[in-house]
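One structure below.
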Amino acid sequence: VELPRTIADFEARAAEVLDPSAHGYYAGGAADELTLRDNLDAWRRIAILPRVLVDVSERDSGTTVLGRRRPHPIFVAPTAYHGLAHPDGEPATARAATAAGALFCLSSLATAGPAEVAEAAPSGERWLQLYVFRDRGVSDELVRAAVDHGYEALVVTVDLPVLGVRDRDVRSQAVIPDAAAAPSVGATGRTGAFSMLEIGELIDPSLTWADIARLAERSDLPVLVKGVLSPADAQLAAEHGVAGVVVSNHGGRQLDTVPSGAEALPAIADAVGDRIDVLVDGGIRRGTDVLKALALGARAVMVGRPVIWGLAVGGEAGARAVLELLVAEFDVALALAGVPSAAGLGPDCVQIRG
Ligand SMILES: Cc1cc2nc3c(=O)[nH]c(=O)nc-3n(C[C@H](O)[C@H](O)[C@H](O)COP(=O)(O)O)c2cc1C
């Protein structure tokens, strides 16, 4: 089968092949979905200001994150339950990421555990996204598995003390048919069908910076905090032993009408300087979006839904194609912007449209 050429085409095809309630779960955002939409629009409001007559015959998409050189800045965002998109689930996505040279961030709510994913793609770069569950034993076990299986970092998601207003999932009554299919959910003792709306009940809403500092101090792995939009919080992250922040509004799924990552990024990059690494996600759909993110101060981007669309449409090959098309588009964008090395991107490369 021929795979689509663009992420928009993958998205359209995924809508045809996915079960409607699963599709709604993946595609949806919170409440009126204003932030969900703005995540796409915000990148479009930024123009690239190209330079010409620069020798771009040799190009380098590479970036440095957590002190390690990466071939390109396109990372897979943690998204829950890949097994609902395709029977091959996270092992397939992790293999796809590895083939595309993309770091894979495994969700705490995956339909495969950290060990299984590491075994599926042993040579890939991987991080573990951590939810701090009310049942701390479940989170501790995830961290232990991450340490034992070569995960490089913990990405603690801090924008879900409670679940956002997920009207689509209320209407569709989306469920994972069997809680045990998601090992962490199973580990909390849940059995049988598990509603997409119940996840909030499993997560500890009392988490504070003191917990983050403790985790960062005790953990053998660097800790990133995901879901920061305020420069003040980015400063606090730097002061609490955190190695990086992911500027994110959770793909528009949590608090509606917050800023997009694209809007929040410049002030955060400014606030933390080189003290910690800044990543951004939300609405990255083209190589030009990746270029804009790096120009505004991110060291890498994370991509959520597009990878799921790829997985749904073509399993491992589909997810890989999505990542590879972004990598190829980013390379073209660098050449046409007259910036042969990703490390040379800066605010001069972009202008915000009036
Ligand atoms: C279906 C779905 C499930 C998600 N699950 C998680 C999760 O388990 N943990 C997490 O930190 N973020 C989760 N996110 C948020 C993503 O990590 C990321 O912030 C977001 O998808 C980026 O926006 P994009 O989808 O426009 O690329 C999820 C997003 C989606 C769409």
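Residue numbering restarts at 1 for every chain of the structure tokens, chains are lettered A, B, ... in their displayed order, and ligands are numbered from 1 as they appear.
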#### Entry: Long-range neighbours of range 167-184 of chain A as an MDAnalysis selection string, 10 Å cut-off, only C-alpha atoms, 5 positions minimum in chain
chainID A and resid 20:33 80:84 107:114 131 133 138:139 141:142 189:198 202
### Task
Taking the chain letters and numbering used in this document, name the residues of range 103-219 of chain A that DSSP puts in helix (DSSP H, G or I), as a ChimeraX atom specification.
/A:114-120,136-148,167-172,179-181,183-187,199-202,209-218
### Task
Within 12 Å of Asp281 in chain A, counting only C-alpha atoms, which residues show up once you throw out same-chain ones fewer than 5 positions away? Write them as an NGL selection string, please.
:A and (36 or 39-40 or 42-43 or 73-78 or 226-229 or 245-252 or 259-265 or 289-290 or 292-294 or 298-306)
### Sel. of strand (DSSP E or B) residues, range 1-96 of chain A, as a PyMOL selection string
chain A and resi 46-48+60+63-65+68-70+74-76
The selected residues should be written to file as a tab-separated table (two decimals), in the first residue's frame (atoms: all heavy atoms).
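Once written, again24.tsv looks like this:
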```tsv
chain	number	residue	atom	x	y	z
A	46	ILE	N	3.72	32.55	12.45
A	46	ILE	CA	5.14	32.93	12.44
A	46	ILE	C	5.68	32.73	11.03
A	46	ILE	O	5.46	31.68	10.42
A	46	ILE	CB	5.93	32.05	13.43
A	46	ILE	CG1	5.36	32.21	14.86
A	46	ILE	CG2	7.42	32.38	13.39
A	46	ILE	CD1	5.86	31.16	15.83
A	47	ALA	N	6.35	33.75	10.52
A	47	ALA	CA	6.94	33.66	9.18
A	47	ALA	C	8.44	33.37	9.32
A	47	ALA	O	9.08	33.81	10.28
A	47	ALA	CB	6.74	34.97	8.43
A	48	ILE	N	8.96	32.62	8.38
A	48	ILE	CA	10.41	32.39	8.32
A	48	ILE	C	11.01	33.49	7.44
A	48	ILE	O	10.48	33.78	6.37
A	48	ILE	CB	10.73	31.00	7.72
A	48	ILE	CG1	10.13	29.91	8.61
A	48	ILE	CG2	12.23	30.81	7.55
A	48	ILE	CD1	10.16	28.52	7.99
A	60	ASP	N	23.37	20.31	8.47
A	60	ASP	CA	23.42	19.52	9.71
A	60	ASP	C	22.17	19.82	10.54
A	60	ASP	O	22.02	20.92	11.06
A	60	ASP	CB	24.69	19.90	10.48
A	60	ASP	CG	24.80	19.16	11.81
A	60	ASP	OD1	23.95	18.29	12.08
A	60	ASP	OD2	25.73	19.47	12.56
A	63	THR	N	21.20	18.37	16.91
A	63	THR	CA	20.97	19.20	18.08
A	63	THR	C	21.54	18.49	19.30
A	63	THR	O	21.77	17.28	19.26
A	63	THR	CB	19.46	19.48	18.26
A	63	THR	OG1	19.27	20.41	19.33
A	63	THR	CG2	18.69	18.21	18.60
A	64	THR	N	21.77	19.25	20.37
A	64	THR	CA	22.27	18.66	21.60
A	64	THR	C	21.21	18.80	22.68
A	64	THR	O	20.75	19.90	22.96
A	64	THR	CB	23.57	19.35	22.04
A	64	THR	OG1	24.53	19.22	20.99
A	64	THR	CG2	24.14	18.72	23.31
A	65	VAL	N	20.80	17.67	23.25
A	65	VAL	CA	19.81	17.67	24.32
A	65	VAL	C	20.32	16.79	25.45
A	65	VAL	O	20.79	15.67	25.20
A	65	VAL	CB	18.44	17.15	23.81
A	65	VAL	CG1	17.42	17.15	24.96
A	65	VAL	CG2	17.93	17.99	22.66
A	68	ARG	N	23.74	15.39	25.05
A	68	ARG	CA	24.02	14.36	24.05
A	68	ARG	C	23.63	14.86	22.66
A	68	ARG	O	22.56	15.43	22.47
A	68	ARG	CB	23.23	13.10	24.42
A	68	ARG	CG	23.46	11.94	23.49
A	68	ARG	CD	22.97	10.66	24.14
A	68	ARG	NE	22.88	9.58	23.16
A	68	ARG	CZ	22.40	8.38	23.41
A	68	ARG	NH1	21.95	8.08	24.63
A	68	ARG	NH2	22.36	7.46	22.48
A	69	ARG	N	24.50	14.60	21.72
A	69	ARG	CA	24.28	14.97	20.34
A	69	ARG	C	23.19	14.07	19.74
A	69	ARG	O	23.25	12.84	19.89
A	69	ARG	CB	25.61	14.78	19.62
A	69	ARG	CG	25.71	15.38	18.28
A	69	ARG	CD	25.96	16.85	18.29
A	69	ARG	NE	25.82	17.31	16.91
A	69	ARG	CZ	25.27	18.45	16.56
A	69	ARG	NH1	24.83	19.30	17.47
A	69	ARG	NH2	25.16	18.76	15.29
A	70	ARG	N	22.20	14.67	19.09
A	70	ARG	CA	21.12	13.89	18.44
A	70	ARG	C	21.13	14.23	16.95
A	70	ARG	O	21.40	15.38	16.58
A	70	ARG	CB	19.75	14.28	19.01
A	70	ARG	CG	19.73	14.59	20.50
A	70	ARG	CD	19.59	13.35	21.34
A	70	ARG	NE	19.79	13.65	22.76
A	70	ARG	CZ	19.60	12.78	23.73
A	70	ARG	NH1	19.22	11.54	23.47
A	70	ARG	NH2	19.83	13.11	24.98
A	74	ILE	N	13.68	16.05	16.18
A	74	ILE	CA	12.28	15.60	16.15
A	74	ILE	C	12.14	14.37	17.04
A	74	ILE	O	12.69	13.30	16.73
A	74	ILE	CB	11.86	15.34	14.69
A	74	ILE	CG1	11.91	16.67	13.93
A	74	ILE	CG2	10.48	14.71	14.63
A	74	ILE	CD1	12.18	16.53	12.45
A	75	PHE	N	11.44	14.54	18.16
A	75	PHE	CA	11.28	13.48	19.16
A	75	PHE	C	9.82	13.04	19.19
A	75	PHE	O	8.93	13.83	18.88
A	75	PHE	CB	11.65	13.99	20.56
A	75	PHE	CG	13.10	14.36	20.78
A	75	PHE	CD1	14.04	14.35	19.76
A	75	PHE	CD2	13.53	14.72	22.06
A	75	PHE	CE1	15.37	14.69	19.98
A	75	PHE	CE2	14.86	15.07	22.30
A	75	PHE	CZ	15.78	15.06	21.26
A	76	VAL	N	9.60	11.81	19.62
A	76	VAL	CA	8.23	11.31	19.75
A	76	VAL	C	7.69	11.67	21.13
A	76	VAL	O	8.26	11.28	22.15
A	76	VAL	CB	8.17	9.79	19.53
A	76	VAL	CG1	6.74	9.27	19.74
A	76	VAL	CG2	8.68	9.42	18.14
```
### Query
Between A:Arg275, A:Arg126, A:Arg37, A:Arg134, which is the closest to ligand 1 once you count only C-alpha atoms and all ligand atoms?
A:Arg37
### Message
I want to know what sits within 9 Å of Ala146 in chain A, based on only C-alpha atoms, with residues of the same chain fewer than 5 positions away left out; could you give that as a VMD selection string?
### Response
chain A and resid 114 to 115 118 127 to 128 141 151 to 154 221
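Taking CA of Ala120 in chain A and CA of Val143 in chain A as endpoints, the distance between them is 18.6 Å.
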